[in-house]
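final_13.csv follows (CSV, C-alpha atoms):
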chain,number,residue,atom,x,y,z
A,751,MET,CA,25.2,-24.5,-10.0
A,752,VAL,CA,25.4,-22.2,-7.1
A,753,CYS,CA,22.1,-21.3,-5.4
A,754,LEU,CA,22.9,-17.8,-4.1
A,755,ALA,CA,20.6,-16.6,-1.3
A,756,HIS,CA,20.6,-13.2,0.5
A,757,GLY,CA,21.4,-14.7,3.9
A,758,SER,CA,20.1,-14.0,7.4
A,759,ARG,CA,21.3,-14.3,11.0
A,760,ASP,CA,18.0,-16.1,11.7
A,761,PRO,CA,18.8,-19.9,11.9
A,762,ARG,CA,15.3,-20.6,10.5
A,763,SER,CA,16.2,-18.9,7.3
A,764,LEU,CA,19.3,-21.0,6.8
A,765,GLU,CA,17.3,-24.1,7.5
A,766,THR,CA,14.7,-23.2,5.0
A,767,ILE,CA,17.2,-22.3,2.2
A,768,ASN,CA,19.0,-25.6,2.8
A,769,ALA,CA,15.7,-27.5,2.7
A,770,LEU,CA,14.8,-25.8,-0.6
A,771,VAL,CA,18.2,-26.6,-2.2
A,772,ALA,CA,17.9,-30.2,-1.0
A,773,GLN,CA,14.7,-30.4,-3.0
A,774,VAL,CA,16.5,-29.1,-6.1
A,775,ARG,CA,19.2,-31.7,-5.6
A,776,GLY,CA,16.6,-34.4,-5.3
A,777,MET,CA,15.2,-33.3,-8.7
A,778,ARG,CA,18.7,-33.2,-10.3
A,779,PRO,CA,20.9,-35.7,-8.6
A,780,ASP,CA,23.3,-35.6,-11.6
A,781,LEU,CA,24.0,-31.9,-11.1
A,782,ARG,CA,26.6,-30.5,-8.6
A,783,ILE,CA,24.8,-27.9,-6.6
A,784,GLU,CA,26.3,-25.6,-3.9
A,785,THR,CA,24.5,-23.2,-1.6
A,786,ALA,CA,26.0,-19.7,-0.9
A,787,PHE,CA,24.9,-16.5,0.8
A,788,LEU,CA,25.6,-12.8,0.0
A,789,ASP,CA,25.7,-11.9,3.7
A,790,HIS,CA,25.0,-12.9,7.3
A,791,ALA,CA,25.4,-16.7,6.7
A,792,LYS,CA,27.9,-19.2,5.5
A,793,PRO,CA,29.2,-20.4,3.1
A,794,SER,CA,30.0,-17.2,1.2
A,795,PHE,CA,29.8,-17.0,-2.5
A,796,ALA,CA,33.6,-16.9,-2.7
A,797,THR,CA,33.8,-20.1,-0.7
A,798,ALA,CA,31.3,-21.9,-2.8
A,799,VAL,CA,33.0,-20.9,-6.1
A,800,LYS,CA,36.4,-21.9,-4.7
A,801,LYS,CA,35.1,-25.3,-3.8
A,802,LEU,CA,33.7,-25.9,-7.3
A,803,VAL,CA,36.9,-24.7,-9.0
A,804,ARG,CA,39.0,-27.0,-6.8
A,805,ALA,CA,36.7,-29.8,-7.9
A,806,GLY,CA,37.6,-29.1,-11.5
A,807,PHE,CA,34.5,-27.2,-12.7
A,808,GLU,CA,35.1,-24.5,-15.3
A,809,GLU,CA,31.5,-23.4,-15.9
A,810,ILE,CA,29.3,-22.2,-13.0
A,811,VAL,CA,25.7,-21.0,-13.2
A,812,VAL,CA,24.6,-18.8,-10.4
A,813,VAL,CA,20.9,-18.7,-9.6
A,814,PRO,CA,20.0,-15.8,-7.3
A,815,LEU,CA,17.3,-16.9,-4.8
A,816,LEU,CA,15.6,-13.5,-4.8
A,817,LEU,CA,12.0,-12.7,-5.5
A,818,THR,CA,12.4,-9.3,-7.1
A,819,GLU,CA,14.8,-7.4,-9.3
A,820,ALA,CA,15.8,-4.9,-6.7
A,821,TYR,CA,19.2,-3.7,-5.3
A,822,HIS,CA,20.6,-7.1,-4.4
A,823,ALA,CA,19.8,-8.5,-7.9
A,824,LYS,CA,21.0,-5.4,-9.7
A,825,VAL,CA,24.1,-4.6,-7.7
A,826,ASP,CA,25.2,-7.2,-5.2
A,827,VAL,CA,24.9,-10.3,-7.4
A,828,PRO,CA,26.7,-8.8,-10.4
A,829,ALA,CA,29.5,-7.5,-8.2
A,830,ALA,CA,30.0,-10.9,-6.5
A,831,VAL,CA,30.1,-12.6,-9.9
A,832,ALA,CA,32.6,-10.0,-11.3
A,833,GLU,CA,34.8,-10.4,-8.3
A,834,GLN,CA,35.0,-14.2,-8.5
A,835,SER,CA,35.4,-14.1,-12.3
A,836,ALA,CA,38.5,-11.9,-11.8
A,837,VAL,CA,39.8,-14.2,-9.0
A,838,HIS,CA,39.4,-17.4,-11.1
A,839,GLU,CA,40.6,-16.6,-14.6
A,840,GLY,CA,39.4,-19.0,-17.2
A,841,VAL,CA,36.4,-20.0,-15.2
A,842,GLN,CA,33.0,-18.9,-16.7
A,843,ILE,CA,30.6,-17.7,-14.1
A,844,ARG,CA,27.2,-16.6,-15.2
A,845,ALA,CA,24.3,-15.3,-13.1
A,846,THR,CA,20.7,-16.1,-14.2
A,847,LYS,CA,17.6,-14.0,-13.7
A,848,VAL,CA,16.3,-14.0,-10.1
A,849,LEU,CA,13.4,-16.4,-9.3
A,850,GLY,CA,11.1,-13.4,-9.6
A,851,LEU,CA,7.4,-13.5,-8.9
A,852,GLU,CA,6.1,-16.4,-11.0
A,853,THR,CA,2.4,-16.8,-11.2
A,854,ALA,CA,3.0,-20.4,-10.2
A,855,PHE,CA,4.1,-19.1,-6.8
A,856,LEU,CA,0.4,-18.2,-6.2
A,857,GLU,CA,-0.2,-21.9,-5.7
A,858,VAL,CA,2.4,-21.9,-2.9
A,859,LEU,CA,0.9,-18.9,-1.3
A,860,ASP,CA,-2.5,-20.7,-1.3
A,861,VAL,CA,-1.0,-23.8,0.4
A,862,ARG,CA,0.7,-21.7,3.1
A,863,LEU,CA,-2.4,-19.6,3.7
A,864,ARG,CA,-4.7,-22.6,3.9
A,865,ASP,CA,-2.4,-24.0,6.6
A,866,ALA,CA,-2.6,-20.7,8.5
A,867,LEU,CA,-6.4,-20.5,8.2
A,868,LYS,CA,-6.8,-24.1,9.4
A,869,GLN,CA,-4.6,-23.4,12.4
A,870,ALA,CA,-6.5,-20.2,13.2
A,871,ARG,CA,-9.8,-22.0,12.6
A,872,VAL,CA,-10.9,-19.3,10.1
A,873,ARG,CA,-13.5,-20.3,7.6
A,874,GLU,CA,-14.5,-17.0,6.1
A,875,LEU,CA,-12.5,-14.3,4.3
A,876,ASP,CA,-13.5,-10.9,2.9
A,877,ALA,CA,-10.1,-9.4,2.0
A,878,LEU,CA,-6.4,-10.4,1.4
A,879,VAL,CA,-3.1,-8.7,2.0
A,880,LEU,CA,0.1,-9.8,0.2
A,881,ALA,CA,3.1,-8.9,2.3
A,882,ALA,CA,6.5,-8.6,0.8
A,883,ALA,CA,9.9,-7.1,1.8
A,884,GLY,CA,9.6,-3.8,-0.1
A,885,SER,CA,12.3,-1.9,-1.9
A,886,SER,CA,13.4,1.6,-2.8
A,887,ASP,CA,13.1,0.3,-6.4
A,888,GLN,CA,9.6,1.1,-7.5
A,889,LEU,CA,9.6,-1.4,-10.3
A,890,ALA,CA,10.2,-4.2,-7.8
A,891,ASN,CA,7.3,-2.9,-5.7
A,892,ARG,CA,5.0,-2.7,-8.7
A,893,SER,CA,5.8,-6.3,-9.5
A,894,VAL,CA,4.5,-7.3,-6.1
A,895,ALA,CA,1.4,-5.2,-6.7
A,896,ARG,CA,0.8,-7.0,-10.0
A,897,LEU,CA,1.0,-10.4,-8.4
A,898,ALA,CA,-1.4,-9.2,-5.7
A,899,ARG,CA,-3.9,-8.2,-8.3
A,900,LEU,CA,-3.7,-11.6,-10.0
A,901,TRP,CA,-4.0,-13.4,-6.6
A,902,GLY,CA,-7.1,-11.3,-5.7
A,903,ALA,CA,-8.7,-11.9,-9.1
A,904,HIS,CA,-8.2,-15.6,-8.7
A,905,HIS,CA,-10.0,-15.6,-5.3
A,906,LYS,CA,-12.5,-12.9,-6.2
A,907,LEU,CA,-11.5,-10.9,-3.2
A,908,PRO,CA,-10.1,-7.4,-2.7
A,909,VAL,CA,-6.4,-7.5,-2.1
A,910,LYS,CA,-3.7,-4.9,-1.1
A,911,ALA,CA,0.1,-5.3,-1.5
A,912,ALA,CA,2.0,-4.3,1.7
A,913,PHE,CA,5.6,-4.0,2.5
A,914,ALA,CA,7.8,-4.8,5.5
A,915,SER,CA,10.3,-2.0,4.8
A,916,THR,CA,11.1,1.0,2.7
A,917,ALA,CA,7.8,1.3,0.9
A,918,PRO,CA,4.2,2.0,2.1
A,919,PRO,CA,1.8,0.6,3.1
A,920,ALA,CA,3.0,-1.5,6.0
A,921,THR,CA,1.0,-4.7,6.6
A,922,GLY,CA,-0.8,-3.2,9.6
A,923,GLU,CA,-1.8,-0.1,7.5
A,924,ALA,CA,-3.2,-2.4,4.8
A,925,VAL,CA,-5.2,-4.4,7.3
A,926,ARG,CA,-6.5,-1.3,9.0
A,927,ALA,CA,-7.5,0.2,5.6
A,928,PHE,CA,-9.7,-2.9,4.9
A,929,ARG,CA,-11.1,-2.7,8.4
A,930,GLY,CA,-12.0,0.9,7.8
A,931,GLU,CA,-14.1,-0.3,4.9
A,932,GLY,CA,-16.0,-2.6,7.2
A,933,ARG,CA,-14.1,-5.8,6.4
A,934,ARG,CA,-13.4,-8.0,9.4
A,935,HIS,CA,-12.0,-11.3,8.0
A,936,ILE,CA,-8.6,-10.3,6.5
A,937,ALA,CA,-5.8,-12.7,5.9
A,938,VAL,CA,-2.2,-11.9,5.1
A,939,ALA,CA,0.1,-14.1,2.9
A,940,SER,CA,3.8,-13.8,3.4
A,941,LEU,CA,5.6,-13.3,0.0
A,942,PHE,CA,9.0,-14.0,1.5
A,943,LEU,CA,11.3,-16.8,0.6
A,944,ALA,CA,12.3,-17.8,4.2
A,945,PRO,CA,11.6,-16.8,7.8
A,946,GLY,CA,13.4,-13.8,9.4
A,947,PHE,CA,13.1,-10.4,10.9
A,948,LEU,CA,11.0,-8.8,8.1
A,949,PRO,CA,8.5,-11.6,7.8
A,950,ASP,CA,8.1,-11.6,11.6
A,951,ARG,CA,7.7,-7.9,11.7
A,952,ALA,CA,5.1,-8.0,8.9
A,953,ALA,CA,3.1,-10.7,10.7
A,954,GLU,CA,3.3,-8.9,14.1
A,955,LEU,CA,1.9,-5.6,12.6
A,956,ALA,CA,-0.8,-7.5,10.7
A,957,ILE,CA,-2.0,-9.3,13.8
A,958,GLU,CA,-1.9,-6.1,15.9
A,959,ALA,CA,-4.1,-4.5,13.2
A,960,GLY,CA,-6.7,-7.3,13.4
A,961,ALA,CA,-5.7,-9.8,10.7
A,962,VAL,CA,-7.3,-13.2,11.3
A,963,ALA,CA,-4.4,-15.2,10.0
A,964,VAL,CA,-0.9,-14.7,8.6
A,965,SER,CA,0.8,-17.4,6.5
A,966,GLU,CA,4.3,-18.7,6.7
A,967,PRO,CA,6.8,-17.6,4.0
A,968,LEU,CA,7.0,-19.6,0.7
A,969,GLY,CA,9.8,-21.9,2.1
A,970,ALA,CA,10.8,-25.2,0.6
A,971,HIS,CA,8.3,-26.2,-2.0
A,972,PRO,CA,8.6,-28.2,-5.3
A,973,GLU,CA,7.3,-25.3,-7.3
A,974,LEU,CA,10.2,-23.1,-6.2
A,975,ALA,CA,12.6,-25.9,-6.9
A,976,ARG,CA,11.3,-26.2,-10.4
A,977,VAL,CA,11.8,-22.5,-11.1
A,978,ILE,CA,15.3,-22.7,-9.8
A,979,LEU,CA,16.1,-25.5,-12.2
A,980,ALA,CA,14.4,-23.6,-15.1
A,981,ARG,CA,16.6,-20.6,-14.4
A,982,TYR,CA,19.7,-22.9,-14.3
A,983,ALA,CA,18.7,-24.4,-17.7
A,984,VAL,CA,18.7,-21.0,-19.3
A,985,GLY,CA,22.0,-20.0,-17.7
A,986,ALA,CA,23.6,-23.3,-18.8
A,987,VAL,CA,22.6,-22.8,-22.4
A,988,GLU,CA,24.0,-19.3,-22.4
A,989,LEU,CA,27.4,-20.7,-21.3
A,990,VAL,CA,27.5,-22.9,-24.4
A,991,PRO,CA,29.7,-21.2,-27.1
A,992,VAL,CA,27.8,-20.4,-30.3

Give the structure from the file, written as structure tokens.
Amino acid sequence: MVCLAHGSRDPRSLETINALVAQVRGMRPDLRIETAFLDHAKPSFATAVKKLVRAGFEEIVVVPLLLTEAYHAKVDVPAAVAEQSAVHEGVQIRATKVLGLETAFLEVLDVRLRDALKQARVRELDALVLAAAGSSDQLANRSVARLARLWGAHHKLPVKAAFASTAPPATGEAVRAFRGEGRRHIAVASLFLAPGFLPDRAAELAIEAGAVAVSEPLGAHPELARVILARYAVGAVELVPV
């Protein structure tokens, strides 16, 4: 399996992705697992595939470590798989669905937010903001909004989805909108896989607007590792000839 992440120049991102993949390896010590990145970090996807091919593997399942079905999932990943399939004739390379926005990830959001609230010594909340990367793909943004509604219903609190790029509202705008309604205890959860520029920017805008706490990204967590292995299992079955 190749766990294919987007990649970032931020060393914290690389550290987080490596920690997450280490958890996956711990759950499946029998499975050969490589990490690769689409951009900004090494090893590249081409390098990871070449390494597996040299080791004698002829079937490779690629799990994109992406939270939404946006541009990277629809364009970059298929292009990378097609390119390596052409380079390595006879080797089957299949990409699975992205991690997506599983409802199980709400548990991870809660863990990260509880940590942030404890650190900020906050005991009371009257609104929530779910901050994600944002995309020009409106279907991807709507999937974030759906998860936000589920999260808010679970906590019986009003919630707004916000985005760090491309789509409105920004996290600061979402926080200010709640404050305009008279709410003062607004926390922001970071629906990002790993730290980097966009999560930092989202957090900065939220705090400037008056948020009482901002959580860390999802990061390395067993729930994410389990979803990665679930995606792999489906991809492996699809490689079996009928």

Proximity to A:Pro828 - best of A:Phe795, A:Phe807, A:Val771, A:Phe855, all atoms listed in the file = A:Phe795

Any idea what's packed within 10 Å of A:Val962, counting only C-alpha atoms, ignoring anything in its chain fewer than 6 positions away? Could you give it as a list in words?
-> Ala866, Leu867, Ala870, Arg871, Val872, Glu874, Leu875, Val925, Arg934, His935, Ile936, Ala937, Val938 and Ala956 of chain A

Counting only C-alpha atoms, what is within 12 Å of A:Gly840, bar same-chain residues fewer than 6 positions away, as number ranges by chain?
-> A: 803, 806-810, 834

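Among the candidates A:Thr846, A:Thr766, A:Ser794, A:Gln869, the residue lying nearest to A:Val811 is A:Thr846 (atoms considered: only C-alpha atoms).
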
Of the candidates A:Asp826, A:Leu878, A:Glu784, A:Met777, which one gets nearest to A:His905 if we count only C-alpha atoms?
-> A:Leu878
